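Structure first, then comments.
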Amino acid sequence: MERMEQSPLAIYLAHLEKGELAYQWSPEAGKAVFYPRVVCPFTGSDRLEWRVSAGLGTVYATTVVHPAREGAPYNVALIDCDEGFRLMSRVEDLPPEAVRIGMRVKFRVHRPGGDEPSYPVFVPAEGA
Amino acid sequence: MDGLQRGAAAIVGVAESDIGAVAQDMSPIDLMAQGIHRALGDCGLALRDVDGLICATAQSRTSGLALAEYLGISPTYIDSTILGGSSFMFHVAHAQAALQLGVCKVAVIAYGSTQRTIGRRHASVREYNPYETPFRPFLPSTAYALAASRHMHQYGTTREQLAAVAVAAREWALLNPVAWEKKPLTIAEVLSARMISYPFTVRDCCLVTDGGGAVIMTTAARARSLKKPPVYVLGCGQAITHANISSMPDLTVTGAVPSGRAAYAMAKLGAKDIDVVELYDAFTINTILFLEDLGFCAKGEGGSFVEGGRTAPKGSLPVNTNGGGLSYCHPGMYGLFLLIEATRQLRGECGARQVADCETAIAHGNGGVLSSQSTVILGSAATI
C-alpha cells in the first residue's frame with residue numbers, strides 16, 4: 001500500500017489557505033463527504049476525490065453562545081452547502097441573533113492569524 | 001437485541017454514592033466503591049460474590065483497572081465501555097450478555113464523578129476537533145441548542161414549552177429528599193435566567209454536581225433468592241448516529257427511534273404499556289425529543305405534550321420522577337441514575353414521588369451530543 005503523503009486535514013487546510021472550501025466526493029456513493037477522511041463512510045472505499053465548493057449554502061441550525069465571563073455573544077451555526085455536505089461554522093456581518101434557519105449564505109475564509117489555521121465562515125447571500 | 005432473552009437477567013441492588021457536593025478529595029473510584037458497597041447491602045450480596053465488573057467515568061482512562069485494584073478483586077468479566085452518559089444502559093446489555101453466557105454470575109455497574117468539586121473543565125477534557133473547535137461551541141450546551149433551534153423551526157416548539165420540562169423536573173425534585181434543587185421553579189424564572197446558548201438559559205441545562213452509584217445484576221434464577229424483589233431486564237436497545245453534532249443526520253430525530261424500537265421488540269411492549277418514564281434530560285429539548293422518539297407522542301408534538309404539567313407529579317405520564325438531571329443530580333454521565341430510579345419505582349420504594357401500580361419502566365440513556373442512545377425496559381415480577 002502506498003503511504004499517504006498528506007493527511008486529509010492538511011489538504012483541507014491547504015485549500016483554505018488558498019481561499020477555497022474543499023470537500024470530498026465519493027464517486028461510488030455519488031455523495032459528498034465532509035469532514036475529509038481516508039475512507040468513505042458510505043462505501044468503505046478509499047476512493048475519495050477532492051472538490052472545491054462553490055461556497056453557497058443554507059443555514060440548517062443556529063444558536064447564539066453567551067460567554068459566562070467576558071466577550072460578546074457570538075453565532076454558531078450548521079450550514080448545508082449546496083453540494084450536499086454540512087459543516088459547523090458561523091454567519092458574520094449581522095448580529096448573531098439575526099441569523100435565521102433557511103437563510104442563504106456564502107463562504108468566506110477567516111484568517112485568525114498567528115499559529116491558528118484558517119477556517120470557513122459565512123456571510124448572508126441574498127438571492128443566491 | 002438479538003441474543004438477549006427477555007427477563008433472563010435482573011437488577012437486584014441499586015444505590016447512589018454520596019451525591020451533590022461530596023467531601024474534598026474524594027475520587028471517582030471512592031464514589032464507585034461507596035456505591036457498590038451500598039448496592040451490595042441493598043441486595044444482600046457481598047463483594048466476594050462479584051465476578052463481573054463494569055464501570056465508566058470521565059476522570060479515569062482505565063477505570064476498570066483502578067476499580068478492580070481498589071476493591072481487591074479479579075473479575076472474570078470486565079468492561080469499561082464509555083460512550084457518554086448512556087454508557088450504563090449499554091452496560092446493562094453487556095452485563096446481561098455476560099450473565100446469559102455464564103462469563104460471570106454477579107455483575108456490578110458503577111459510576112463516579114467529582115466534577116463539581118474539581119471543576120467541569122478538569123473532569124471532562126474536550127478533545128480538539130479542527131472542524132468544530134475554531135467556532136467555539138460551548139459544548140455540550142451549544143450542540144443541544146442547535147437541535148432545539150431546528151425543532152423550534154420545524155415544529156413551532158416554543159421556549160415556554162422547553163421551560164415546562166424544567167418546571168416539571170423541579171416539581172418531581174421537590175418530592176425527592178436527596179435532590180440538589182430545593183426551591184420551586186416557574187416558567188418565567190426559566191426564561192429570565194442567564195442565557196447560555198440560545199434558546200437555553202441555565203435552567204434549561206442540567207446541573208453540575210458530583211455523584212456516583214452502582215447497579216447490581218444477576219441471573220433471573222439467582223435474583224429470586226435475594227433480599228428484594230427482582231427488577232427484570234425486559235428489553236435493551238442501542239444506536240449510535242454520530243459523535244459530533246455537525247455529523248448528526250437530522251437534528252430533530254435521535255437514535256432513540258431505533259434504540260427504542262429494539263428495546264420494545266425484545267420486551268414485547270409498546271410505549272402505551274410503560275408505567276414510569278425515565279429519560280436522560282441533559283437539556284430541556286432532550287425530554288421532548290425522547291418522548292417523541294420513544295413513541296409517547298408523535299414527532300413534532302413533544303412541545304405541546306409537556307405543556308400543562310402532563311409529565312409533572314400530578315400529570316398523566318410520570319416522567320423523570322427523581323427530578324432528573326435538571327433538578328436532582330447530574331455528575332456528567334447521568335444514565336446510571338435513571339436505572340436506579342426506575343428500579344426503585346418498580347419496587348415501590350419512592351415515598352412521596354412513588355408512581356402507583358408501577359409494573360413497567362423505561363430508562364433511556366443519551367450520550368455525547370445526542371450521539372449514543374440506549375434504552376432499557378424494566379419490569380416487576382408481574383411482567384414475567
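Ordered as shown in the C-alpha cells, chains take letters A, B, and onward, while each chain numbers its residues from 1 and ligands are numbered from 1 in the order shown.
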
(request) Starting from chain A, keep only residues with some atom at most 8 Å from an atom of chain B, counting only C-alpha atoms, and report them as a PyMOL selection string. (result) chain A and resi 35+60-68+76-78+86-90+101+119

(message) Which residues are near B:Gly367? Cut-off 9 Å, only C-alpha atoms, ignore same chain within fewer than 3 positions. Put them as JSON, numbers by chain.
(response) {"B": [83, 84, 85, 86, 87, 280, 333, 335, 370, 371, 372, 373, 374]}

Those residues with C-alpha atoms, as a CSV table (one decimal), in the first residue's frame please?
chain,number,residue,atom,x,y,z
B,83,LEU,CA,-20.0,6.3,25.3
B,84,GLY,CA,-21.0,9.3,27.3
B,85,GLY,CA,-24.0,9.4,29.7
B,86,SER,CA,-25.7,6.5,28.1
B,87,SER,CA,-22.8,4.1,28.9
B,280,TYR,CA,-31.9,11.5,30.1
B,333,MET,CA,-22.7,11.0,32.9
B,335,GLY,CA,-27.5,7.4,32.9
B,370,LEU,CA,-27.4,13.2,21.1
B,371,SER,CA,-24.8,10.7,19.8
B,372,SER,CA,-25.3,7.4,21.6
B,373,GLN,CA,-28.8,6.3,22.6
B,374,SER,CA,-29.5,3.2,24.7

(message) Residues near stretch 28-33 of chain A, anyone? I mean within 10 Å using only C-alpha atoms, not counting same-chain ones fewer than 5 positions away, as a list in words.
(response) Tyr23, Val39, Cys40, Pro41, Phe42, Thr43, Gly44, Ser45, Arg47, Leu48, Glu49, Trp50, Arg51, Cys81, Glu83, Gly84, Phe85 and Arg86 of chain A

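Our summary of the geometry notes that atom CA of B:Gly332 is positioned 23.5 Å from atom CA of B:Val257.
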
(request) Compile the contact shell of B:Ala220 as a PyMOL selection string: residues with an atom at most 6 Å away, counting only C-alpha atoms, same-chain residues fewer than 2 positions apart removed. (result) chain B and resi 8-10+222-223

(message) Can you tell me which residues surround stretch 60-65 of chain B at a distance of at most 12 Å, considering only C-alpha atoms, apart from same-chain residues fewer than 5 positions away, and format the answer as number ranges by chain?
(response) B: 27-30, 32-33, 52-55, 70-75, 77-82, 108-114, 122-125

(request) Return as an NGL selection string the full set of residues in stretch 193-264 of chain B whose backbone-based DSSP assignment is strand (DSSP E or B). (result) :B and (195-197 or 200-201 or 205 or 210-219 or 231-240)

Take the residues from that selection and put them in a file with N, CA and C atoms, as a short mmCIF file (atom, residue, chain, number, x, y, z; two decimals), in the first residue's frame.
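Contents of out-v5.cif, freshly written:
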data_model
loop_
_atom_site.label_atom_id
_atom_site.label_comp_id
_atom_site.auth_asym_id
_atom_site.auth_seq_id
_atom_site.Cartn_x
_atom_site.Cartn_y
_atom_site.Cartn_z
N MET B 195 -28.71 33.52 30.05
CA MET B 195 -28.66 32.82 28.77
C MET B 195 -27.33 32.10 28.63
N ILE B 196 -27.38 30.85 28.14
CA ILE B 196 -26.16 30.05 27.94
C ILE B 196 -25.87 29.93 26.45
N SER B 197 -26.76 29.27 25.73
CA SER B 197 -26.65 29.13 24.28
C SER B 197 -28.10 29.10 23.80
N PHE B 200 -31.38 28.20 25.20
CA PHE B 200 -31.26 27.68 26.57
C PHE B 200 -30.74 28.73 27.54
N THR B 201 -31.47 28.90 28.63
CA THR B 201 -30.89 29.57 29.79
C THR B 201 -30.28 28.50 30.68
N CYS B 205 -30.57 23.79 31.28
CA CYS B 205 -29.37 22.93 31.25
C CYS B 205 -29.27 22.12 32.54
N ASP B 210 -21.46 16.56 41.77
CA ASP B 210 -20.71 15.32 41.95
C ASP B 210 -21.71 14.17 42.05
N GLY B 211 -21.20 12.96 42.04
CA GLY B 211 -22.10 11.83 42.30
C GLY B 211 -21.63 10.56 41.67
N GLY B 212 -22.27 9.49 42.07
CA GLY B 212 -21.96 8.17 41.54
C GLY B 212 -22.96 7.17 42.08
N GLY B 213 -22.65 5.92 41.85
CA GLY B 213 -23.55 4.88 42.33
C GLY B 213 -23.24 3.56 41.69
N ALA B 214 -24.11 2.59 41.97
CA ALA B 214 -23.91 1.25 41.41
C ALA B 214 -25.23 0.53 41.25
N VAL B 215 -25.23 -0.37 40.28
CA VAL B 215 -26.35 -1.26 40.00
C VAL B 215 -25.79 -2.68 39.99
N ILE B 216 -26.45 -3.60 40.68
CA ILE B 216 -26.01 -5.00 40.72
C ILE B 216 -26.98 -5.84 39.89
N MET B 217 -26.43 -6.65 39.01
CA MET B 217 -27.26 -7.53 38.19
C MET B 217 -26.84 -8.98 38.36
N THR B 218 -27.82 -9.87 38.27
CA THR B 218 -27.52 -11.30 38.25
C THR B 218 -28.57 -12.01 37.40
N THR B 219 -28.45 -13.32 37.32
CA THR B 219 -29.42 -14.08 36.52
C THR B 219 -30.78 -14.05 37.22
N VAL B 231 -35.91 -6.83 39.71
CA VAL B 231 -36.41 -5.96 38.64
C VAL B 231 -35.82 -6.51 37.35
N TYR B 232 -36.67 -7.10 36.53
CA TYR B 232 -36.21 -7.84 35.36
C TYR B 232 -35.88 -6.93 34.19
N VAL B 233 -34.82 -7.29 33.49
CA VAL B 233 -34.49 -6.60 32.24
C VAL B 233 -35.36 -7.22 31.15
N LEU B 234 -36.32 -6.45 30.68
CA LEU B 234 -37.25 -6.95 29.66
C LEU B 234 -36.76 -6.65 28.25
N GLY B 235 -36.09 -5.50 28.10
CA GLY B 235 -35.67 -5.11 26.75
C GLY B 235 -34.47 -4.19 26.78
N CYS B 236 -33.62 -4.34 25.77
CA CYS B 236 -32.46 -3.45 25.60
C CYS B 236 -32.36 -3.06 24.12
N GLY B 237 -31.98 -1.84 23.88
CA GLY B 237 -31.73 -1.41 22.50
C GLY B 237 -30.69 -0.32 22.51
N GLN B 238 -30.02 -0.14 21.39
CA GLN B 238 -28.99 0.90 21.33
C GLN B 238 -28.78 1.36 19.90
N ALA B 239 -28.30 2.59 19.77
CA ALA B 239 -27.99 3.13 18.44
C ALA B 239 -26.99 4.26 18.59
N ILE B 240 -26.05 4.31 17.67
CA ILE B 240 -25.11 5.43 17.60
C ILE B 240 -25.29 6.08 16.24
#

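Shell of stretch 121-125 of chain A at 8 Å, with only C-alpha atoms counted and residues fewer than 5 places along the chain excluded, is Leu56, Ser89, Arg90, Val91, Glu92, Asp93, Met103, Arg104, Val105, Lys106, Phe107, Arg108, Val109 and His110 of chain A.
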
(request) Could you tell me how far atom CA of B:Val208 lies from atom CA of B:Val253, in Å and to one decimal? (result)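 Distance between the two atoms: 26.3 Å.
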
(message) If I take atom CA of B:Lys268 and atom CA of B:Ile377, how far is one from the other in Å, to one decimal?
(response) 10.1 Å

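Neighbouring residues of stretch 275-277 of chain B at 9 Å or closer, counting only C-alpha atoms and skipping chain neighbours under 3 positions away, are Ala271, Lys272, Leu291, Leu317, Pro318, Val319, Asn320, Thr321, Ala342, Gln345, Leu346, Val355, Ala356, Asp357, Cys358, Glu359, Thr360, Ala361, Ile362, Ala363 and His364 of chain B.
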
Restricting it to N, CA and C atoms, dump the selection as a PDB file, in the first residue's frame.
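Dumped to result32.pdb:
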ATOM      1  N   ALA B 271     -44.960   1.773  23.960  1.00  0.00           N
ATOM      2  CA  ALA B 271     -44.974   2.946  24.832  1.00  0.00           C
ATOM      3  C   ALA B 271     -46.226   2.969  25.717  1.00  0.00           C
ATOM      4  N   LYS B 272     -47.334   2.522  25.185  1.00  0.00           N
ATOM      5  CA  LYS B 272     -48.599   2.570  25.934  1.00  0.00           C
ATOM      6  C   LYS B 272     -48.579   1.653  27.158  1.00  0.00           C
ATOM      7  N   LEU B 291     -39.490  11.781  24.262  1.00  0.00           N
ATOM      8  CA  LEU B 291     -40.927  11.453  24.326  1.00  0.00           C
ATOM      9  C   LEU B 291     -41.447  11.146  22.921  1.00  0.00           C
ATOM     10  N   LEU B 317     -48.617  11.284  32.640  1.00  0.00           N
ATOM     11  CA  LEU B 317     -47.461  10.427  32.343  1.00  0.00           C
ATOM     12  C   LEU B 317     -46.290  10.827  33.242  1.00  0.00           C
ATOM     13  N   PRO B 318     -45.954   9.985  34.224  1.00  0.00           N
ATOM     14  CA  PRO B 318     -44.839  10.332  35.120  1.00  0.00           C
ATOM     15  C   PRO B 318     -43.486  10.216  34.403  1.00  0.00           C
ATOM     16  N   VAL B 319     -42.783  11.340  34.283  1.00  0.00           N
ATOM     17  CA  VAL B 319     -41.508  11.388  33.565  1.00  0.00           C
ATOM     18  C   VAL B 319     -40.437  11.983  34.487  1.00  0.00           C
ATOM     19  N   ASN B 320     -39.322  11.300  34.609  1.00  0.00           N
ATOM     20  CA  ASN B 320     -38.180  11.781  35.392  1.00  0.00           C
ATOM     21  C   ASN B 320     -38.570  12.077  36.839  1.00  0.00           C
ATOM     22  N   THR B 321     -38.986  11.012  37.491  1.00  0.00           N
ATOM     23  CA  THR B 321     -39.608  11.097  38.807  1.00  0.00           C
ATOM     24  C   THR B 321     -38.632  11.409  39.935  1.00  0.00           C
ATOM     25  N   ALA B 342     -35.640   3.961  38.153  1.00  0.00           N
ATOM     26  CA  ALA B 342     -36.621   3.038  37.573  1.00  0.00           C
ATOM     27  C   ALA B 342     -36.756   1.795  38.459  1.00  0.00           C
ATOM     28  N   GLN B 345     -38.725   2.706  41.597  1.00  0.00           N
ATOM     29  CA  GLN B 345     -40.152   2.866  41.305  1.00  0.00           C
ATOM     30  C   GLN B 345     -40.823   1.497  41.182  1.00  0.00           C
ATOM     31  N   LEU B 346     -40.150   0.564  40.504  1.00  0.00           N
ATOM     32  CA  LEU B 346     -40.750  -0.766  40.315  1.00  0.00           C
ATOM     33  C   LEU B 346     -40.832  -1.535  41.628  1.00  0.00           C
ATOM     34  N   VAL B 355     -44.899   6.301  41.966  1.00  0.00           N
ATOM     35  CA  VAL B 355     -45.957   6.154  40.966  1.00  0.00           C
ATOM     36  C   VAL B 355     -46.783   4.923  41.342  1.00  0.00           C
ATOM     37  N   ALA B 356     -48.113   5.077  41.378  1.00  0.00           N
ATOM     38  CA  ALA B 356     -48.989   3.974  41.790  1.00  0.00           C
ATOM     39  C   ALA B 356     -48.979   2.860  40.739  1.00  0.00           C
ATOM     40  N   ASP B 357     -49.129   1.636  41.190  1.00  0.00           N
ATOM     41  CA  ASP B 357     -49.269   0.462  40.305  1.00  0.00           C
ATOM     42  C   ASP B 357     -48.182   0.415  39.237  1.00  0.00           C
ATOM     43  N   CYS B 358     -46.947   0.519  39.664  1.00  0.00           N
ATOM     44  CA  CYS B 358     -45.830   0.632  38.730  1.00  0.00           C
ATOM     45  C   CYS B 358     -45.254  -0.753  38.453  1.00  0.00           C
ATOM     46  N   GLU B 359     -45.494  -1.274  37.270  1.00  0.00           N
ATOM     47  CA  GLU B 359     -45.000  -2.612  36.911  1.00  0.00           C
ATOM     48  C   GLU B 359     -43.968  -2.576  35.788  1.00  0.00           C
ATOM     49  N   THR B 360     -43.982  -1.512  34.974  1.00  0.00           N
ATOM     50  CA  THR B 360     -43.036  -1.404  33.853  1.00  0.00           C
ATOM     51  C   THR B 360     -42.396  -0.023  33.851  1.00  0.00           C
ATOM     52  N   ALA B 361     -41.121   0.020  33.479  1.00  0.00           N
ATOM     53  CA  ALA B 361     -40.399   1.300  33.426  1.00  0.00           C
ATOM     54  C   ALA B 361     -39.488   1.314  32.217  1.00  0.00           C
ATOM     55  N   ILE B 362     -39.284   2.504  31.682  1.00  0.00           N
ATOM     56  CA  ILE B 362     -38.299   2.667  30.617  1.00  0.00           C
ATOM     57  C   ILE B 362     -37.220   3.610  31.142  1.00  0.00           C
ATOM     58  N   ALA B 363     -35.968   3.236  30.941  1.00  0.00           N
ATOM     59  CA  ALA B 363     -34.838   4.093  31.319  1.00  0.00           C
ATOM     60  C   ALA B 363     -34.043   4.339  30.044  1.00  0.00           C
ATOM     61  N   HIS B 364     -34.096   5.561  29.559  1.00  0.00           N
ATOM     62  CA  HIS B 364     -33.456   5.851  28.279  1.00  0.00           C
ATOM     63  C   HIS B 364     -32.229   6.744  28.459  1.00  0.00           C
TER      64      HIS B 364
END
